[in-house]
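Engineer: mmCIF, C-alpha atoms and all ligand atoms, saved as work33.cif, coming up:
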data_target
loop_
_atom_site.label_atom_id
_atom_site.label_comp_id
_atom_site.auth_asym_id
_atom_site.auth_seq_id
_atom_site.Cartn_x
_atom_site.Cartn_y
_atom_site.Cartn_z
CA MET L 1 -31.54 -0.82 7.70
CA PHE L 2 -28.46 1.14 6.83
CA ASN L 3 -26.53 2.04 9.94
CA ASP L 4 -25.30 5.63 9.84
CA ASP L 5 -22.46 4.80 12.26
CA VAL L 6 -20.38 3.46 9.38
CA ARG L 7 -19.84 7.04 8.20
CA LYS L 8 -18.04 7.82 11.43
CA LYS L 9 -15.69 4.84 11.20
CA ASP L 10 -12.30 6.01 10.10
CA VAL L 11 -8.69 5.74 11.10
CA LYS L 12 -7.51 8.37 13.60
CA THR L 13 -5.27 11.03 12.03
CA PRO L 14 -3.53 12.91 14.85
CA THR L 15 -1.26 15.03 12.60
CA ILE L 16 -0.98 16.04 8.96
CA VAL L 17 2.40 17.11 7.55
CA ARG L 18 1.87 20.68 6.32
CA GLU L 19 4.16 20.33 3.30
CA VAL L 20 3.74 18.19 0.21
CA TRP L 21 6.44 17.25 -2.28
CA HIS L 22 5.33 18.10 -5.81
CA ASN L 23 7.25 17.45 -9.02
CA GLY L 24 10.60 18.10 -7.35
CA GLU L 25 9.82 20.82 -4.83
CA PHE L 26 8.11 21.26 -1.48
CA ILE L 27 4.82 23.18 -1.48
CA SER L 28 2.33 23.88 1.28
CA TRP L 29 -0.47 21.39 1.98
CA ASP L 30 -3.02 24.06 1.02
CA ASP L 31 -1.48 24.49 -2.44
CA ALA L 32 -1.51 20.77 -3.28
CA ARG L 33 -4.57 20.91 -5.56
CA VAL L 34 -5.61 19.64 -9.00
CA HIS L 35 -8.02 20.79 -11.70
CA VAL L 36 -11.40 18.98 -11.60
CA MET L 37 -11.05 18.14 -15.30
CA SER L 38 -7.82 16.19 -14.67
CA HIS L 39 -7.74 12.83 -16.44
CA VAL L 40 -7.26 11.00 -13.15
CA LEU L 41 -10.56 12.16 -11.66
CA HIS L 42 -12.58 10.88 -14.60
CA TYR L 43 -10.70 7.73 -15.61
CA GLY L 44 -8.90 6.60 -12.45
CA SER L 45 -5.40 7.04 -13.92
CA SER L 46 -3.27 7.11 -10.80
CA VAL L 47 -0.76 4.85 -9.10
CA PHE L 48 0.26 5.30 -5.51
CA GLU L 49 2.08 3.90 -2.51
CA GLY L 50 1.58 3.67 1.22
CA ILE L 51 4.72 3.61 3.34
CA ARG L 52 5.10 3.74 7.11
CA CYS L 53 7.74 5.68 8.96
CA TYR L 54 8.27 4.42 12.50
CA LYS L 55 9.52 6.09 15.64
CA THR L 56 12.81 4.51 16.77
CA ARG L 57 15.59 5.36 19.23
CA ARG L 58 17.61 6.62 16.26
CA GLY L 59 14.78 8.94 15.19
CA PRO L 60 12.15 8.31 12.52
CA ALA L 61 12.85 5.38 10.20
CA VAL L 62 11.07 4.64 6.94
CA PHE L 63 10.17 0.97 6.53
CA ARG L 64 11.27 -0.71 3.28
CA LEU L 65 11.40 2.56 1.38
CA ARG L 66 13.27 1.17 -1.62
CA GLU L 67 10.88 -1.74 -2.10
CA HIS L 68 7.88 0.60 -1.93
CA MET L 69 9.39 2.97 -4.46
CA GLN L 70 10.22 0.07 -6.76
CA ARG L 71 6.61 -1.07 -6.64
CA PHE L 72 5.51 2.52 -7.28
CA LEU L 73 7.65 2.67 -10.41
CA ASN L 74 6.52 -0.79 -11.45
CA SER L 75 2.88 0.30 -11.14
CA ALA L 76 3.64 3.35 -13.31
CA LYS L 77 5.41 1.17 -15.86
CA ILE L 78 2.46 -1.22 -16.15
CA TYR L 79 0.26 1.77 -16.97
CA ARG L 80 2.78 3.16 -19.51
CA MET L 81 3.33 6.27 -17.44
CA THR L 82 6.43 7.97 -18.71
CA HIS L 83 7.94 10.38 -16.22
CA PRO L 84 11.28 11.79 -15.10
CA TRP L 85 11.38 10.59 -11.48
CA SER L 86 13.95 8.07 -10.35
CA LEU L 87 13.75 5.69 -7.45
CA GLU L 88 16.49 7.66 -5.68
CA GLU L 89 14.80 11.03 -6.16
CA LEU L 90 11.45 9.76 -4.87
CA SER L 91 13.10 8.03 -1.93
CA ASP L 92 15.08 11.16 -1.04
CA ALA L 93 11.96 13.28 -1.36
CA SER L 94 10.09 11.04 1.09
CA VAL L 95 12.91 11.15 3.61
CA GLN L 96 13.24 14.93 3.27
CA LEU L 97 9.50 15.37 3.72
CA VAL L 98 9.67 13.53 7.04
CA ALA L 99 12.85 15.35 8.10
CA ARG L 100 11.37 18.78 7.33
CA SER L 101 8.19 17.96 9.25
CA GLN L 102 10.11 16.86 12.36
CA ILE L 103 7.40 14.27 12.88
CA GLN L 104 8.52 11.03 14.54
CA GLN L 105 6.13 8.62 12.87
CA CYS L 106 3.84 8.85 9.88
CA TYR L 107 2.33 7.26 6.82
CA ILE L 108 3.82 8.46 3.53
CA ARG L 109 1.66 8.61 0.41
CA PRO L 110 3.39 9.06 -2.97
CA ILE L 111 0.92 9.41 -5.85
CA MET L 112 1.54 9.77 -9.58
CA PHE L 113 -1.30 10.56 -11.95
CA ARG L 114 -2.39 11.88 -15.31
CA SER L 115 -3.36 15.51 -14.79
CA LEU L 116 -4.48 18.30 -17.12
CA ASP L 117 -2.40 20.52 -19.38
CA GLU L 118 -4.54 23.64 -19.15
CA GLU L 119 -2.96 25.19 -22.26
CA HIS L 120 -3.59 22.07 -24.33
CA PRO L 121 -6.45 20.30 -22.55
CA ALA L 122 -7.37 16.73 -23.49
CA PHE L 123 -10.50 15.03 -22.21
CA GLY L 124 -10.61 11.60 -23.87
CA VAL L 125 -9.91 8.20 -22.38
CA ASN L 126 -6.57 8.08 -24.23
CA PRO L 127 -4.23 9.02 -21.39
CA PHE L 128 -1.14 9.88 -23.46
CA PRO L 129 -1.94 13.57 -24.10
CA ASN L 130 -2.12 14.30 -20.36
CA PRO L 131 0.92 15.38 -18.36
CA MET L 132 2.07 13.36 -15.37
CA ALA L 133 2.05 14.81 -11.89
CA CYS L 134 3.65 13.41 -8.78
CA TYR L 135 3.02 14.34 -5.16
CA ILE L 136 4.13 12.91 -1.83
CA GLY L 137 2.11 13.71 1.27
CA ALA L 138 2.33 12.36 4.82
CA TRP L 139 0.29 12.15 7.98
CA ASP L 140 0.38 10.39 11.29
CA TRP L 141 -2.07 7.50 11.07
CA GLY L 142 -3.46 5.42 13.88
CA LYS L 143 -4.19 1.70 13.83
CA TYR L 144 -5.95 1.05 10.53
CA LEU L 145 -8.38 -1.61 11.75
CA GLY L 146 -8.94 -0.05 15.15
CA ASP L 147 -6.82 0.44 18.27
CA GLU L 148 -7.69 -2.92 19.80
CA ALA L 149 -7.37 -4.92 16.59
CA ILE L 150 -3.64 -5.56 16.92
CA GLU L 151 -4.18 -7.55 20.14
CA GLN L 152 -7.79 -8.64 20.01
CA GLY L 153 -8.12 -9.36 16.31
CA VAL L 154 -10.89 -8.32 13.92
CA ASP L 155 -14.19 -9.82 12.79
CA VAL L 156 -14.35 -10.15 9.01
CA CYS L 157 -16.58 -11.58 6.30
CA VAL L 158 -16.02 -13.17 2.93
CA SER L 159 -17.07 -10.55 0.43
CA SER L 160 -19.70 -11.12 -2.21
CA TRP L 161 -17.40 -9.08 -4.48
CA ASN L 162 -14.56 -10.86 -6.25
CA ARG L 163 -11.05 -9.46 -6.56
CA LEU L 164 -9.99 -8.11 -9.94
CA THR L 165 -9.33 -10.68 -12.61
CA PRO L 166 -5.70 -10.63 -13.78
CA ASN L 167 -6.51 -9.68 -17.35
CA SER L 168 -9.00 -6.95 -16.51
CA MET L 169 -7.25 -4.82 -13.92
CA PRO L 170 -3.79 -5.97 -12.82
CA ALA L 171 -3.86 -6.38 -9.05
CA MET L 172 -0.03 -6.30 -9.17
CA ALA L 173 -0.16 -2.58 -9.83
CA LYS L 174 -1.16 -0.37 -6.92
CA ALA L 175 -3.47 1.75 -9.05
CA GLY L 176 -6.10 4.14 -7.73
CA ALA L 177 -8.75 2.53 -9.92
CA ASN L 178 -8.25 -0.85 -8.19
CA TYR L 179 -9.58 0.72 -5.06
CA MET L 180 -13.08 1.01 -6.49
CA ASN L 181 -13.13 -2.78 -6.09
CA SER L 182 -11.64 -2.38 -2.60
CA GLN L 183 -14.32 0.16 -1.71
CA LEU L 184 -17.11 -2.25 -2.68
CA ILE L 185 -15.53 -4.89 -0.45
CA LYS L 186 -15.00 -2.48 2.44
CA MET L 187 -18.44 -0.83 2.26
CA GLU L 188 -20.21 -4.19 2.21
CA ALA L 189 -18.17 -5.37 5.20
CA ILE L 190 -18.66 -2.33 7.43
CA THR L 191 -22.32 -1.94 6.49
CA ASN L 192 -22.83 -5.49 7.74
CA GLY L 193 -20.90 -4.85 10.96
CA TYR L 194 -17.52 -6.35 10.03
CA ALA L 195 -14.15 -4.61 10.18
CA GLU L 196 -13.03 -5.90 6.79
CA GLY L 197 -13.96 -8.16 3.89
CA ILE L 198 -11.92 -10.93 2.31
CA ALA L 199 -12.33 -11.15 -1.45
CA LEU L 200 -12.04 -14.36 -3.46
CA ASP L 201 -10.34 -14.39 -6.85
CA ASP L 202 -12.25 -15.10 -10.06
CA ARG L 203 -11.79 -18.88 -9.54
CA GLY L 204 -13.16 -18.79 -6.00
CA TYR L 205 -9.83 -19.02 -4.19
CA VAL L 206 -8.98 -16.67 -1.34
CA SER L 207 -7.32 -13.51 -2.61
CA GLU L 208 -6.93 -10.69 -0.07
CA GLY L 209 -8.64 -8.03 2.01
CA SER L 210 -9.64 -4.65 0.58
CA GLY L 211 -6.27 -3.26 1.67
CA GLU L 212 -4.35 -6.20 3.16
CA ASN L 213 -2.81 -9.53 2.25
CA ILE L 214 -3.92 -12.57 4.21
CA PHE L 215 -2.13 -15.44 5.97
CA LEU L 216 -3.55 -18.67 7.35
CA VAL L 217 -1.96 -20.92 9.97
CA HIS L 218 -2.74 -24.62 9.94
CA GLU L 219 -0.95 -27.25 12.04
CA GLY L 220 2.05 -25.03 12.57
CA LYS L 221 2.43 -24.12 8.91
CA VAL L 222 1.79 -20.65 7.48
CA VAL L 223 0.02 -20.41 4.11
CA THR L 224 -0.58 -17.34 1.96
CA PRO L 225 -2.17 -16.99 -1.50
CA PRO L 226 0.24 -16.65 -4.44
CA LEU L 227 0.38 -13.68 -6.79
CA ALA L 228 -1.75 -15.73 -9.19
CA SER L 229 -4.70 -15.22 -6.81
CA SER L 230 -4.91 -11.57 -7.93
CA ILE L 231 -3.17 -10.11 -4.92
CA LEU L 232 -1.09 -6.99 -4.53
CA PRO L 233 2.53 -8.09 -3.95
CA GLY L 234 2.53 -6.66 -0.45
CA ILE L 235 5.75 -5.40 1.07
CA THR L 236 4.49 -6.39 4.52
CA ARG L 237 3.60 -9.80 3.08
CA ASP L 238 7.18 -10.11 1.89
CA SER L 239 8.38 -9.02 5.34
CA VAL L 240 6.20 -11.67 7.01
CA ILE L 241 7.63 -14.32 4.64
CA GLU L 242 11.17 -13.25 5.60
CA ILE L 243 10.30 -13.15 9.30
CA CYS L 244 8.91 -16.71 9.08
CA ARG L 245 12.20 -17.82 7.51
CA THR L 246 14.13 -16.17 10.33
CA LEU L 247 11.89 -17.71 12.99
CA GLU L 248 12.02 -21.08 11.19
CA ILE L 249 8.25 -21.20 10.80
CA PRO L 250 7.36 -23.21 7.66
CA LEU L 251 5.57 -21.13 5.03
CA VAL L 252 4.10 -21.91 1.62
CA GLU L 253 2.39 -19.82 -1.05
CA SER L 254 -0.64 -21.81 -2.15
CA GLY L 255 -4.21 -21.47 -3.37
CA ILE L 256 -6.61 -21.38 -0.42
CA GLN L 257 -10.24 -22.50 -0.54
CA ARG L 258 -12.81 -20.31 1.19
CA ALA L 259 -13.74 -23.14 3.55
CA ALA L 260 -10.14 -23.34 4.78
CA LEU L 261 -10.68 -19.93 6.38
CA TYR L 262 -13.34 -21.40 8.68
CA VAL L 263 -11.20 -24.28 9.92
CA ALA L 264 -7.86 -22.49 10.15
CA ASP L 265 -6.06 -22.45 13.48
CA GLU L 266 -5.12 -18.81 13.00
CA LEU L 267 -5.60 -16.09 10.40
CA PHE L 268 -4.04 -12.66 10.09
CA PHE L 269 -3.82 -9.71 7.72
CA SER L 270 -0.63 -7.97 6.67
CA GLY L 271 -0.30 -4.51 5.19
CA THR L 272 1.44 -1.19 5.62
CA ALA L 273 -1.68 0.35 7.14
CA ALA L 274 -2.93 -2.80 8.93
CA GLU L 275 0.62 -3.98 9.87
CA VAL L 276 0.08 -7.50 11.28
CA THR L 277 -3.53 -7.76 12.46
CA PRO L 278 -5.07 -11.02 13.74
CA ILE L 279 -8.47 -12.14 12.44
CA ARG L 280 -10.65 -13.65 15.17
CA SER L 281 -13.73 -14.59 13.16
CA VAL L 282 -14.86 -15.04 9.56
CA ASP L 283 -18.59 -14.83 8.77
CA ARG L 284 -19.21 -15.10 12.53
CA ILE L 285 -17.31 -18.41 12.75
CA ALA L 286 -14.53 -18.19 15.36
CA VAL L 287 -11.01 -18.68 14.03
CA GLY L 288 -9.29 -21.18 16.34
CA GLU L 289 -9.86 -19.98 19.91
CA GLY L 290 -11.44 -16.76 18.63
CA ARG L 291 -8.44 -14.63 19.56
CA ARG L 292 -4.89 -13.94 18.41
CA GLY L 293 -3.06 -17.25 18.00
CA PRO L 294 0.51 -18.02 19.17
CA ILE L 295 2.15 -18.08 15.73
CA THR L 296 0.50 -14.80 14.74
CA GLU L 297 1.75 -13.34 18.02
CA ARG L 298 5.35 -14.46 17.38
CA ILE L 299 5.34 -13.02 13.87
CA GLN L 300 3.65 -9.82 15.01
CA LYS L 301 6.14 -9.38 17.87
CA ALA L 302 9.10 -9.82 15.54
CA PHE L 303 7.53 -7.39 13.04
CA PHE L 304 7.02 -4.63 15.62
CA GLU L 305 10.49 -5.19 17.10
CA ILE L 306 11.97 -4.76 13.63
CA THR L 307 9.93 -1.66 12.78
CA SER L 308 10.87 -0.04 16.07
CA GLY L 309 14.54 -0.78 15.42
CA GLU L 310 14.88 -3.07 18.46
CA ARG L 311 15.53 -6.21 16.47
CA GLU L 312 17.83 -6.67 13.50
CA ALA L 313 15.88 -6.92 10.24
CA PRO L 314 16.61 -9.72 7.74
CA GLY L 315 17.69 -6.99 5.28
CA GLN L 316 18.22 -3.24 5.05
CA TRP L 317 14.64 -2.50 5.93
CA LEU L 318 14.92 0.79 7.82
CA THR L 319 15.99 4.12 6.36
CA PHE L 320 16.90 6.34 9.28
CA VAL L 321 15.70 9.81 8.38
CA ASN L 322 18.26 11.72 10.46
CA GLU L 323 21.17 9.72 9.04
CA HIS L 324 20.09 9.64 5.40
CA LYS L 325 22.34 11.25 2.77
CA SER L 326 20.61 12.46 -0.40
CA VAL L 327 22.21 11.05 -3.51
CA ALA L 328 19.65 11.67 -6.20
CA PRO L 329 20.01 14.42 -8.79
CA GLN L 330 16.75 16.40 -8.78
CA SER L 331 14.63 16.39 -11.89
CA ASN L 332 13.98 20.14 -11.20
CA GLY L 333 10.25 19.97 -11.37
CA TYR L 334 8.27 19.13 -14.41
CA ASN L 335 6.51 21.81 -16.38
CA ALA L 336 3.90 21.48 -19.11
CA ALA L 337 6.45 21.87 -21.94
CA GLN L 338 8.61 19.07 -20.54
CA ALA L 339 5.45 17.04 -20.07
CA ARG L 340 4.63 17.38 -23.77
CA GLU L 341 8.11 16.18 -24.72
CA VAL L 342 7.78 13.18 -22.46
CA ARG L 343 4.33 12.52 -23.86
CA LYS L 344 5.69 12.34 -27.39
CA ALA L 345 8.13 9.71 -26.24
CA ALA L 346 5.36 7.86 -24.45
CA THR L 347 3.24 7.42 -27.53
CA ASN L 348 6.24 5.92 -29.32
CA SER L 349 7.29 3.47 -26.67
CA SER L 350 6.08 1.78 -23.53
CA ALA L 351 8.97 3.38 -21.68
CA GLY L 352 8.91 4.29 -18.02
CA GLU L 353 11.50 3.84 -15.37
CA THR L 354 13.08 0.41 -15.51
CA VAL L 355 13.55 -0.83 -12.01
CA ASP L 356 14.85 -3.93 -10.33
CA ALA L 357 12.17 -6.54 -9.81
CA ILE L 358 10.72 -6.20 -6.35
CA HIS L 359 11.37 -9.04 -4.04
CA VAL L 360 8.31 -11.14 -4.75
CA THR L 361 7.52 -14.33 -6.58
CA LEU L 362 5.93 -13.25 -9.82
CA THR L 363 4.53 -16.67 -10.67
CA GLU L 364 2.75 -19.40 -8.79
C1 LIG D 1 -5.26 -4.43 -1.91
C2 LIG D 1 -4.07 -4.47 -1.02
N1 LIG D 1 -3.49 -5.65 -0.77
C3 LIG D 1 -2.41 -5.74 0.03
C4 LIG D 1 -1.88 -4.62 0.64
C5 LIG D 1 -0.67 -4.75 1.50
O1 LIG D 1 0.47 -4.26 0.84
P1 LIG D 1 1.66 -3.61 1.63
O2 LIG D 1 2.07 -4.59 2.65
O3 LIG D 1 2.70 -3.38 0.63
O4 LIG D 1 1.15 -2.35 2.23
C6 LIG D 1 -2.45 -3.37 0.41
C7 LIG D 1 -1.90 -2.16 1.00
O5 LIG D 1 -1.12 -1.49 0.40
C8 LIG D 1 -3.57 -3.29 -0.45
O6 LIG D 1 -4.15 -2.12 -0.69
#
Would you mind writing the structure in this file as structure tokens?

Structural biologist:
Amino acid sequence: MFNDDVRKKDVKTPTIVREVWHNGEFISWDDARVHVMSHVLHYGSSVFEGIRCYKTRRGPAVFRLREHMQRFLNSAKIYRMTHPWSLEELSDASVQLVARSQIQQCYIRPIMFRSLDEEHPAFGVNPFPNPMACYIGAWDWGKYLGDEAIEQGVDVCVSSWNRLTPNSMPAMAKAGANYMNSQLIKMEAITNGYAEGIALDDRGYVSEGSGENIFLVHEGKVVTPPLASSILPGITRDSVIEICRTLEIPLVESGIQRAALYVADELFFSGTAAEVTPIRSVDRIAVGEGRRGPITERIQKAFFEITSGEREAPGQWLTFVNEHKSVAPQSNGYNAAQAREVRKAATNSSAGETVDAIHVTLTE
């Protein structure tokens, strides 16, 4: 029977930042509200990001801020969202939000969505008549897959739900609507007593977890599914790839059969929320020795040393909040009249912010 305990399972949230950035200004958490008839609530028209800010000796530091904001703008571009926000403005806003809160570590959540113009309401599926809204909130978030998961590993299952097919919902975009698929995967897993589910792609190859990318270790080599397996191009995934290069651990992106999960020496998830989390069993079959493996441990150690600022990152991965200089001109908010102007442009082009390609392999 259904176990009611699953309702209680959630990530610990010790602190919520009491301000939210909205369309160019800071507002109070309590004022960050939307109309129930907003397009996004009915048709899933949002894109968002999840970014971690870590406590370091030099104060709070945001991890791979630029890459996250590039993916955010890429997601918006895929969904033809035309808006005035630049990568610099959104990055500055995130840093300022953390600085104003005086919090040392947190999870930052930018979200952009189609809202409601109350003077000229539009209720159809066609998203173009609806104005864009953008918010950035933050909170301190505990270990996503449980406090012990980082060391002990998690028990997972292969989901009966497949990941999105590339020509139905693009997994490359971090869109709110994609997370209906993630919720099916997650609910099935926790209802059956697992911490997480691994979804296969539409061809039956391993894709990813409901909110994490996956890595497999076999005979000293690290393998991860390519973008063609309907995965989100994870920033942590990219960080793990770079860390493997630095540690001289061989790594390939390759299609992975489900059965390979059962005979792998080691498996682990990567993600902003999950960080680097070992997987100790799949469908009740022990992975390797049934605990965190040595290669996972090396990668995980390097990852946490980098995020805490104790080890040099392979690139400019940390934005130190207390040392950051704002460079972006502000877009000065975004009112309904401006939104209508932008909308007109949107119906005539597939515009949107053009951004540098994020550092991922776009093909197999
Ligand atoms: C479906 C999915 N895959 C992968 C990831 C990992 O991506 P990242 O490392 O950028 O957080 C996430 C989390 O954002 C996710 O939701």

Engineer: Check every protein, DNA and RNA residue against ligand LIG 1 (chain D), keep those with an atom at most 9 Å away (counting all atoms listed in the file), and present them as a PyMOL selection string.

Structural biologist: chain L and resi 49-52+67-68+71+163+171+174+178-179+182+207-214+231-239+269-275

Engineer: Pick out the residues sitting within 9 Å of L:Met69, and hand them over as a list in words; count all atoms listed in the file, and ignore anything fewer than 5 positions along from it in its own chain.

Structural biologist: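 My reading of the contact set: Glu49, Arg64, Asn74, Leu87, Glu88, Leu90, Ser91 and Pro110 of chain L.
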
Engineer: L:Leu200: which residues within 8 Å, counting all atoms listed in the file, same-chain residues fewer than 2 positions away excluded, as a VMD selection string?

Structural biologist: chain L and resid 158 to 159 161 to 163 198 202 to 208 258

Engineer: Since we have the selection now, will you write its residues out, keeping C-alpha atoms, as an mmCIF file, in the coordinates of the input?

Structural biologist:
data_model
loop_
_atom_site.group_PDB
_atom_site.id
_atom_site.type_symbol
_atom_site.label_atom_id
_atom_site.label_comp_id
_atom_site.auth_asym_id
_atom_site.auth_seq_id
_atom_site.Cartn_x
_atom_site.Cartn_y
_atom_site.Cartn_z
ATOM 1 C CA VAL L 158 -16.020 -13.170 2.930
ATOM 2 C CA SER L 159 -17.070 -10.550 0.430
ATOM 3 C CA TRP L 161 -17.400 -9.080 -4.480
ATOM 4 C CA ASN L 162 -14.560 -10.860 -6.250
ATOM 5 C CA ARG L 163 -11.050 -9.460 -6.560
ATOM 6 C CA ILE L 198 -11.920 -10.930 2.310
ATOM 7 C CA ASP L 202 -12.250 -15.100 -10.060
ATOM 8 C CA ARG L 203 -11.790 -18.880 -9.540
ATOM 9 C CA GLY L 204 -13.160 -18.790 -6.000
ATOM 10 C CA TYR L 205 -9.830 -19.020 -4.190
ATOM 11 C CA VAL L 206 -8.980 -16.670 -1.340
ATOM 12 C CA SER L 207 -7.320 -13.510 -2.610
ATOM 13 C CA GLU L 208 -6.930 -10.690 -0.070
ATOM 14 C CA ARG L 258 -12.810 -20.310 1.190
#

Engineer: Return the single residue from L:Ser168, L:Gln96, L:Thr277, L:Gln300 that is closest to L:Asp147, with distances computed using only C-alpha atoms.

Structural biologist: L:Thr277

Engineer: Between atom CA of L:Phe215 and atom CA of L:Gly288, what is the spacing in Å?

Structural biologist: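 The value is 13.8 Å.
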
Engineer: Smallest atom-to-atom distance to L:Val240: which of L:Ala61, L:Val287, L:Ile279, L:Ala313, using only C-alpha atoms?

Structural biologist: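 Looking only at the distances to L:Val240, the closest residue turns out to be L:Ala313.
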
Engineer: Could you check which of L:Val282, L:Arg66, L:Cys244, L:Ser308 is closest to L:Gly197, using only C-alpha atoms?

Structural biologist: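 Looking at the shortest contact to L:Gly197, the residue is L:Val282.
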
Engineer: Find the distance between atom CA of L:His22 and atom CA of L:His83 and write it in Å to one decimal.

Structural biologist: 13.2 Å

Engineer: From the list L:Ala264, L:Leu164, L:Val276, L:Ala93, which residue is nearest L:Gln152 when using all atoms listed in the file?

Structural biologist: L:Val276

Engineer: One number please: atom CA of L:Glu248 to atom CA of L:Pro226, in Å, one decimal.

Structural biologist: 20.1 Å

Engineer: So that all listed atoms of stretch 21-33 of chain L fit with 8 Å spare on each side, what axis-aligned box centre and edge lengths in Å, to one decimal, would you give as AutoDock Vina command-line options?

Structural biologist:
--center_x 3.0 --center_y 20.9 --center_z -3.5 --size_x 31.2 --size_y 23.2 --size_z 27.0

Engineer: Rank L:Phe72, L:Phe26, L:Phe63, L:Tyr79 by their smallest atom-to-atom distance to L:Ser45, using only C-alpha atoms, and report the top residue only.

Structural biologist: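 Going through L:Phe72, L:Phe26, L:Phe63, L:Tyr79 one by one, the smallest distance to L:Ser45 is for L:Tyr79.
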
Engineer: Within 9 Å of L:Cys157, counting only C-alpha atoms, which residues show up once you throw out same-chain ones fewer than 6 positions away? Write them as a PDB file with C-alpha atoms, in the frame of the given file, please.

Structural biologist:
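Dumped everything to out.pdb:
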ATOM      1  CA  ALA L 189     -18.170  -5.370   5.200  1.00  0.00           C
ATOM      2  CA  ASN L 192     -22.830  -5.490   7.740  1.00  0.00           C
ATOM      3  CA  TYR L 194     -17.520  -6.350  10.030  1.00  0.00           C
ATOM      4  CA  ALA L 195     -14.150  -4.610  10.180  1.00  0.00           C
ATOM      5  CA  GLU L 196     -13.030  -5.900   6.790  1.00  0.00           C
ATOM      6  CA  GLY L 197     -13.960  -8.160   3.890  1.00  0.00           C
ATOM      7  CA  ILE L 198     -11.920 -10.930   2.310  1.00  0.00           C
ATOM      8  CA  ALA L 199     -12.330 -11.150  -1.450  1.00  0.00           C
ATOM      9  CA  SER L 281     -13.730 -14.590  13.160  1.00  0.00           C
ATOM     10  CA  VAL L 282     -14.860 -15.040   9.560  1.00  0.00           C
ATOM     11  CA  ASP L 283     -18.590 -14.830   8.770  1.00  0.00           C
ATOM     12  CA  ARG L 284     -19.210 -15.100  12.530  1.00  0.00           C
TER      13      ARG L 284
END

Engineer: Considering all atoms listed in the file, return as a VMD selection string whatever protein or nucleic-acid residues lie within 12 Å of L:Arg33, sequence-local ones (same chain, fewer than 3 positions apart) excluded.

Structural biologist: chain L and resid 20 22 27 to 30 36 38 115 to 116 133 to 135 137

Engineer: For L:Val217, list every protein, DNA or RNA residue within 12 Å, evaluated using only C-alpha atoms, and leave out those in the same chain fewer than 5 positions away; present the list as a ChimeraX atom specification.

Structural biologist: /L:222-224,244,249-253,256,260-269,278-279,287-288,292-297,299

Engineer: Which residue out of L:Asn23, L:Thr56, L:Ser229, L:Ser326 has the minimum interatomic distance to L:Gln105 when only C-alpha atoms are used?

Structural biologist: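 Closest to L:Gln105, using only C-alpha atoms: L:Thr56.
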